[in-house]
Structures are given as C-alpha cells and as structure tokens.
Amino acid sequence: MLLHRTISQLDIGPVSPQRAQELGQLGYMQWLGSLPAMSDYCEEAMHAYSTAAPFSRTSPAIAVFCELLVASTRVPIAPLPLALPQPRRRGGPRARRAVL
C-alpha cells in the first residue's frame with residue numbers, strides 16, 4: 001500500500017535531473033522504511049520495481065527510484081548514493097499557488 005503512495009508521490013512528470021535524484025532517493029528511503037521487519041528484501045525490491053517500472057518512462061524521479069532498486073540487489077553489494085536534499089527555499093506559498 002505504501003508502495004503505491006510512494007509511486008504516486010514520485011509520479012509528478014518532468015523535473016530537473018537534480019530534483020529527480022532528490023525525489024527518487026527520498027522515495028527509496030520511504031519505501032525501505034515501510035518494509036515489514038522479516039520480509040525478503042530481494043522479493044520486495046523486485047515487486048516494487050515491477051510496479052514502478054511502467055511509470056519510469058514519463059517520470060524521471062521514478063526512473064531514479066527504479067535504478068536504486070536494481071542497484072540495491074546487485075552482487076557484490078555496494079553503498080547506494082543516498083542523501084537527504086540540501087535545505088533551500090523553494091518559493092513558499094506563492095510558488096505553491098502558482099502551480100495550481
């Protein structure tokens with residue numbers, strides 16, 4: 001259920017490559033935090049990938065999310081490039097109203 005919410009939050013259409021990286025990494029961390037404690041990670045990751053992959057052509061953030069899922073299942077394991085976004089002003093209420 002949270003997987004579908006994560007996908008819908010990431011599926012916002014075209015964004016800059018930097019913003020897509022930020023959103024994709026945040027989506028991955030949100031999805032990872034929602035996994036049940038005793039779940040099979042590889043199985044969950046492939047399920048998430050198969051669910052999100054159809055949206056990756058139109059949403060760069062979902063494409064980053066899918067890349068992270070695939071990278072996390074590779075052998076040998078390697079650290080993923082995860083980071084929280086740098087705090088910055090994004091325009092506040094005026095910018096949010098302009099989007100509507």
# chains A, B, ... in the order shown; residues from 1 in each chain; ligands from 1
call {"tool": "residues_around", "arguments": {"residues": "region 52-62 of chain A", "least_positions_apart": "4", "cutoff": "10 Å", "atoms": "only C-alpha atoms", "output": "ChimeraX atom specification"}}
result
/A:3-4,6-28,46-48,66-68
call {"tool": "select_by_dssp", "arguments": {"residues": "region 43-73 of chain A", "states": "alpha helix (DSSP H)", "output": "list in words"}}
result
Glu43, Glu44, Ala45, Met46, His47, Ala48, Tyr49, Ser50, Thr51, Ala52, Pro60, Ala61, Ile62, Ala63, Val64, Phe65, Cys66, Glu67, Leu68, Leu69, Val70, Ala71 and Ser72 of chain A
call {"tool": "closest_residue", "arguments": {"among": "A:Arg5, A:Arg97, A:Ala83, A:Gly91", "to": "Thr51 (chain A)", "atoms": "only C-alpha atoms"}}
result
A:Arg5
call {"tool": "atom_distance", "arguments": {"atom1": "CA of Pro36 (chain A)", "atom2": "CA of Arg74 (chain A)"}}
result
21.2 Å
